[in-house]
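See below for the structure under consideration.
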Amino acid sequence: MTDDPVPCLPRGTRLHHDRVRDTMVLLVPERALLLDETGNAILREIDGRSTVNTIAARLAERYGAPEAAVMSDVRDFLGGLVAQRLVDYR
């Protein structure tokens with residue numbers, strides 16, 4: 001794996017707005033993960049072409065936050081999802 005991987009959603013995984021809970025969820029076969037604003041913002045940036053660094057830079061600019069802090073949050077969040085096999089790296 002490279003130092004700046006490209007995250008992607010595995011087959012059968014998608015973002016979805018849960019109308020009952022009025023929140024975004026990550027739907028995977030047989031389960032759903034409720035997302036907070038941060039998780040939703042990160043996952044919305046996954047397009048199968050953008051690297052983790054690119055995603056973090058976009059979010060830092062959008063929210064006026066320090067890029068190093070955003071990078072750490074993005075890497076930690078995606079790393080947790082990769083460990084659960086909810087996100088893949090290309």
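Simple scheme: letters A, B, ... for chains in structure tokens order, numbers from 1 for residues in each chain, numbers from 1 for ligands in the order shown.
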
**Q.** Shell of 12 Å around Ser72 (chain A), only C-alpha atoms, local chain residues under 2 positions omitted, as an MDAnalysis selection string
**A.** chainID A and resid 52:53 55:57 59:60 65:70 74:79

Using N, CA, C and O atoms, can you write the selected residues to a file as a PDB file, in the first residue's frame?
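Output file out-v6.pdb is given in full below:
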```pdb
ATOM      1  N   VAL A  52      -6.174   9.961   0.065  1.00  0.00           N
ATOM      2  CA  VAL A  52      -6.473  10.388   1.429  1.00  0.00           C
ATOM      3  C   VAL A  52      -5.976  11.818   1.654  1.00  0.00           C
ATOM      4  O   VAL A  52      -6.680  12.650   2.232  1.00  0.00           O
ATOM      5  N   ASN A  53      -4.770  12.135   1.170  1.00  0.00           N
ATOM      6  CA  ASN A  53      -4.241  13.503   1.327  1.00  0.00           C
ATOM      7  C   ASN A  53      -5.113  14.529   0.623  1.00  0.00           C
ATOM      8  O   ASN A  53      -5.346  15.618   1.149  1.00  0.00           O
ATOM      9  N   ILE A  55      -8.348  14.268  -0.055  1.00  0.00           N
ATOM     10  CA  ILE A  55      -9.608  14.373   0.697  1.00  0.00           C
ATOM     11  C   ILE A  55      -9.411  15.254   1.927  1.00  0.00           C
ATOM     12  O   ILE A  55     -10.214  16.156   2.196  1.00  0.00           O
ATOM     13  N   ALA A  56      -8.333  15.033   2.660  1.00  0.00           N
ATOM     14  CA  ALA A  56      -8.057  15.830   3.861  1.00  0.00           C
ATOM     15  C   ALA A  56      -7.840  17.301   3.511  1.00  0.00           C
ATOM     16  O   ALA A  56      -8.342  18.190   4.211  1.00  0.00           O
ATOM     17  N   ALA A  57      -7.123  17.567   2.430  1.00  0.00           N
ATOM     18  CA  ALA A  57      -6.877  18.955   2.018  1.00  0.00           C
ATOM     19  C   ALA A  57      -8.191  19.652   1.662  1.00  0.00           C
ATOM     20  O   ALA A  57      -8.410  20.814   2.035  1.00  0.00           O
ATOM     21  N   LEU A  59     -11.217  18.929   2.759  1.00  0.00           N
ATOM     22  CA  LEU A  59     -12.000  19.143   3.975  1.00  0.00           C
ATOM     23  C   LEU A  59     -11.413  20.256   4.834  1.00  0.00           C
ATOM     24  O   LEU A  59     -12.153  21.063   5.404  1.00  0.00           O
ATOM     25  N   ALA A  60     -10.094  20.322   4.926  1.00  0.00           N
ATOM     26  CA  ALA A  60      -9.452  21.386   5.700  1.00  0.00           C
ATOM     27  C   ALA A  60      -9.800  22.748   5.120  1.00  0.00           C
ATOM     28  O   ALA A  60     -10.111  23.687   5.865  1.00  0.00           O
ATOM     29  N   ALA A  65     -10.000  24.432   8.765  1.00  0.00           N
ATOM     30  CA  ALA A  65      -9.308  23.758   9.865  1.00  0.00           C
ATOM     31  C   ALA A  65      -7.860  23.486   9.469  1.00  0.00           C
ATOM     32  O   ALA A  65      -7.537  23.430   8.281  1.00  0.00           O
ATOM     33  N   PRO A  66      -6.989  23.293  10.449  1.00  0.00           N
ATOM     34  CA  PRO A  66      -5.583  22.975  10.142  1.00  0.00           C
ATOM     35  C   PRO A  66      -5.499  21.631   9.404  1.00  0.00           C
ATOM     36  O   PRO A  66      -6.076  20.633   9.837  1.00  0.00           O
ATOM     37  N   GLU A  67      -4.777  21.631   8.302  1.00  0.00           N
ATOM     38  CA  GLU A  67      -4.705  20.437   7.466  1.00  0.00           C
ATOM     39  C   GLU A  67      -4.118  19.238   8.212  1.00  0.00           C
ATOM     40  O   GLU A  67      -4.569  18.105   8.026  1.00  0.00           O
ATOM     41  N   ALA A  68      -3.141  19.460   9.079  1.00  0.00           N
ATOM     42  CA  ALA A  68      -2.531  18.349   9.820  1.00  0.00           C
ATOM     43  C   ALA A  68      -3.555  17.667  10.730  1.00  0.00           C
ATOM     44  O   ALA A  68      -3.584  16.434  10.832  1.00  0.00           O
ATOM     45  N   ALA A  69      -4.394  18.454  11.384  1.00  0.00           N
ATOM     46  CA  ALA A  69      -5.418  17.891  12.271  1.00  0.00           C
ATOM     47  C   ALA A  69      -6.459  17.122  11.474  1.00  0.00           C
ATOM     48  O   ALA A  69      -6.878  16.029  11.872  1.00  0.00           O
ATOM     49  N   VAL A  70      -6.867  17.687  10.350  1.00  0.00           N
ATOM     50  CA  VAL A  70      -7.851  17.015   9.502  1.00  0.00           C
ATOM     51  C   VAL A  70      -7.259  15.725   8.945  1.00  0.00           C
ATOM     52  O   VAL A  70      -7.923  14.685   8.915  1.00  0.00           O
ATOM     53  N   VAL A  74      -8.935  12.091   9.321  1.00  0.00           N
ATOM     54  CA  VAL A  74      -9.322  11.327   8.138  1.00  0.00           C
ATOM     55  C   VAL A  74      -8.624   9.966   8.135  1.00  0.00           C
ATOM     56  O   VAL A  74      -9.258   8.932   7.912  1.00  0.00           O
ATOM     57  N   ARG A  75      -7.335   9.956   8.400  1.00  0.00           N
ATOM     58  CA  ARG A  75      -6.588   8.681   8.423  1.00  0.00           C
ATOM     59  C   ARG A  75      -7.110   7.745   9.515  1.00  0.00           C
ATOM     60  O   ARG A  75      -7.273   6.546   9.286  1.00  0.00           O
ATOM     61  N   ASP A  76      -7.388   8.278  10.694  1.00  0.00           N
ATOM     62  CA  ASP A  76      -7.910   7.454  11.785  1.00  0.00           C
ATOM     63  C   ASP A  76      -9.288   6.889  11.436  1.00  0.00           C
ATOM     64  O   ASP A  76      -9.555   5.701  11.642  1.00  0.00           O
ATOM     65  N   PHE A  77     -10.169   7.733  10.928  1.00  0.00           N
ATOM     66  CA  PHE A  77     -11.524   7.314  10.584  1.00  0.00           C
ATOM     67  C   PHE A  77     -11.505   6.243   9.499  1.00  0.00           C
ATOM     68  O   PHE A  77     -12.109   5.178   9.643  1.00  0.00           O
ATOM     69  N   LEU A  78     -10.792   6.527   8.408  1.00  0.00           N
ATOM     70  CA  LEU A  78     -10.741   5.555   7.319  1.00  0.00           C
ATOM     71  C   LEU A  78     -10.017   4.277   7.731  1.00  0.00           C
ATOM     72  O   LEU A  78     -10.417   3.177   7.337  1.00  0.00           O
ATOM     73  N   GLY A  79      -8.979   4.411   8.535  1.00  0.00           N
ATOM     74  CA  GLY A  79      -8.267   3.226   9.015  1.00  0.00           C
ATOM     75  C   GLY A  79      -9.182   2.297   9.806  1.00  0.00           C
ATOM     76  O   GLY A  79      -9.118   1.071   9.661  1.00  0.00           O
TER      77      GLY A  79
END
```

Q: List every residue of chain A that DSSP, applied to the backbone, labels as strand (DSSP E or B), and write the result as number ranges by chain.
A: A: 7-8, 14-18, 23-28, 31-34, 88-89

Q | Minimum-distance residue to Ala32 (chain A), chosen among A:His16, A:Gly80, A:Asp3, A:Asp47 (using only C-alpha atoms) | A | A:His16

Q.
Here is a test: counting only C-alpha atoms, which residue of A:Thr13, A:Thr23, A:Ser50, A:Thr2 is nearest to Arg85 (chain A)?
A.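 Smallest distance to Arg85 (chain A) is found for A:Thr13.
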
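Computed from the coordinates, the CA of Pro29 (chain A) to CA of Ala41 (chain A) distance equals 21.7 Å.
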
Q: Identify which of the residues A:Leu81, A:Arg11, A:Arg58, A:Leu86 lies closest to Arg31 (chain A), counting only C-alpha atoms when measuring atom-to-atom distances.
A: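 Closest candidate: A:Leu86.
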
Q.
Please extract the residues of chain A with a backbone DSSP assignment of helix (DSSP H, G or I) and present them as a PyMOL selection string.
A. chain A and resi 37-44+52-63+67-83

Selection file, N, CA and C atoms, as a short mmCIF file (atom, residue, chain, number, x, y, z; two decimals), in the first residue's frame:
```
data_model
loop_
_atom_site.label_atom_id
_atom_site.label_comp_id
_atom_site.auth_asym_id
_atom_site.auth_seq_id
_atom_site.Cartn_x
_atom_site.Cartn_y
_atom_site.Cartn_z
N GLU A 37 -21.55 14.01 11.50
CA GLU A 37 -21.22 14.98 10.43
C GLU A 37 -19.82 14.76 9.87
N THR A 38 -18.87 14.46 10.74
CA THR A 38 -17.50 14.26 10.29
C THR A 38 -17.38 13.04 9.40
N GLY A 39 -17.93 11.93 9.84
CA GLY A 39 -17.89 10.70 9.04
C GLY A 39 -18.58 10.88 7.71
N ASN A 40 -19.72 11.55 7.71
CA ASN A 40 -20.45 11.80 6.48
C ASN A 40 -19.61 12.66 5.53
N ALA A 41 -18.99 13.71 6.05
CA ALA A 41 -18.18 14.60 5.21
C ALA A 41 -17.01 13.84 4.58
N ILE A 42 -16.37 12.98 5.36
CA ILE A 42 -15.24 12.21 4.83
C ILE A 42 -15.71 11.24 3.76
N LEU A 43 -16.75 10.48 4.05
CA LEU A 43 -17.21 9.47 3.10
C LEU A 43 -17.78 10.08 1.82
N ARG A 44 -18.34 11.27 1.91
CA ARG A 44 -18.85 11.93 0.69
C ARG A 44 -17.72 12.31 -0.27
N VAL A 52 -6.17 9.96 0.06
CA VAL A 52 -6.47 10.39 1.43
C VAL A 52 -5.98 11.82 1.65
N ASN A 53 -4.77 12.14 1.17
CA ASN A 53 -4.24 13.50 1.33
C ASN A 53 -5.11 14.53 0.62
N THR A 54 -5.60 14.20 -0.56
CA THR A 54 -6.46 15.11 -1.31
C THR A 54 -7.77 15.34 -0.56
N ILE A 55 -8.35 14.27 -0.06
CA ILE A 55 -9.61 14.37 0.70
C ILE A 55 -9.41 15.25 1.93
N ALA A 56 -8.33 15.03 2.66
CA ALA A 56 -8.06 15.83 3.86
C ALA A 56 -7.84 17.30 3.51
N ALA A 57 -7.12 17.57 2.43
CA ALA A 57 -6.88 18.95 2.02
C ALA A 57 -8.19 19.65 1.66
N ARG A 58 -9.06 18.96 0.93
CA ARG A 58 -10.37 19.54 0.58
C ARG A 58 -11.18 19.87 1.83
N LEU A 59 -11.22 18.93 2.76
CA LEU A 59 -12.00 19.14 3.98
C LEU A 59 -11.41 20.26 4.83
N ALA A 60 -10.09 20.32 4.93
CA ALA A 60 -9.45 21.39 5.70
C ALA A 60 -9.80 22.75 5.12
N GLU A 61 -9.77 22.84 3.80
CA GLU A 61 -10.11 24.11 3.15
C GLU A 61 -11.58 24.45 3.36
N ARG A 62 -12.44 23.48 3.18
CA ARG A 62 -13.89 23.70 3.30
C ARG A 62 -14.26 24.18 4.69
N TYR A 63 -13.65 23.59 5.73
CA TYR A 63 -14.04 23.89 7.10
C TYR A 63 -13.08 24.85 7.80
N GLU A 67 -4.78 21.63 8.30
CA GLU A 67 -4.71 20.44 7.47
C GLU A 67 -4.12 19.24 8.21
N ALA A 68 -3.14 19.46 9.08
CA ALA A 68 -2.53 18.35 9.82
C ALA A 68 -3.55 17.67 10.73
N ALA A 69 -4.39 18.45 11.38
CA ALA A 69 -5.42 17.89 12.27
C ALA A 69 -6.46 17.12 11.47
N VAL A 70 -6.87 17.69 10.35
CA VAL A 70 -7.85 17.02 9.50
C VAL A 70 -7.26 15.72 8.94
N MET A 71 -6.00 15.77 8.52
CA MET A 71 -5.34 14.58 7.99
C MET A 71 -5.35 13.46 9.02
N SER A 72 -5.05 13.78 10.25
CA SER A 72 -5.03 12.78 11.31
C SER A 72 -6.42 12.18 11.50
N ASP A 73 -7.44 13.03 11.54
CA ASP A 73 -8.82 12.55 11.71
C ASP A 73 -9.25 11.66 10.54
N VAL A 74 -8.94 12.09 9.32
CA VAL A 74 -9.32 11.33 8.14
C VAL A 74 -8.62 9.97 8.14
N ARG A 75 -7.33 9.96 8.40
CA ARG A 75 -6.59 8.68 8.42
C ARG A 75 -7.11 7.74 9.51
N ASP A 76 -7.39 8.28 10.69
CA ASP A 76 -7.91 7.45 11.79
C ASP A 76 -9.29 6.89 11.44
N PHE A 77 -10.17 7.73 10.93
CA PHE A 77 -11.52 7.31 10.58
C PHE A 77 -11.51 6.24 9.50
N LEU A 78 -10.79 6.53 8.41
CA LEU A 78 -10.74 5.56 7.32
C LEU A 78 -10.02 4.28 7.73
N GLY A 79 -8.98 4.41 8.53
CA GLY A 79 -8.27 3.23 9.02
C GLY A 79 -9.18 2.30 9.81
N GLY A 80 -10.05 2.87 10.62
CA GLY A 80 -11.01 2.08 11.37
C GLY A 80 -12.00 1.37 10.46
N LEU A 81 -12.44 2.07 9.42
CA LEU A 81 -13.38 1.46 8.48
C LEU A 81 -12.70 0.38 7.64
N VAL A 82 -11.44 0.60 7.28
CA VAL A 82 -10.69 -0.42 6.53
C VAL A 82 -10.55 -1.68 7.40
N ALA A 83 -10.26 -1.50 8.68
CA ALA A 83 -10.10 -2.64 9.58
C ALA A 83 -11.39 -3.45 9.68
#
```

**Q.** Separation of CA of Arg19 (chain A) from CA of Asp88 (chain A), in Å and rounded to one decimal
**A.**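 Atom-to-atom, CA of Arg19 (chain A) and CA of Asp88 (chain A) are spaced 26.8 Å apart.
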
Q.
Just checking: using only C-alpha atoms, which residue out of A:Leu9, A:Arg14, A:Asp4, A:Tyr89 ends up closest to Ile46 (chain A)?
A. A:Leu9

Q: Find the residues around Val25 (chain A) up to 7 Å (only C-alpha atoms counted), leave out those fewer than 4 positions away in its own chain, and share them as number ranges by chain.
A: A: 15-18, 32-35

Q | d(CA of Pro5 (chain A), CA of Leu27 (chain A)) in Å | A | 22.4 Å
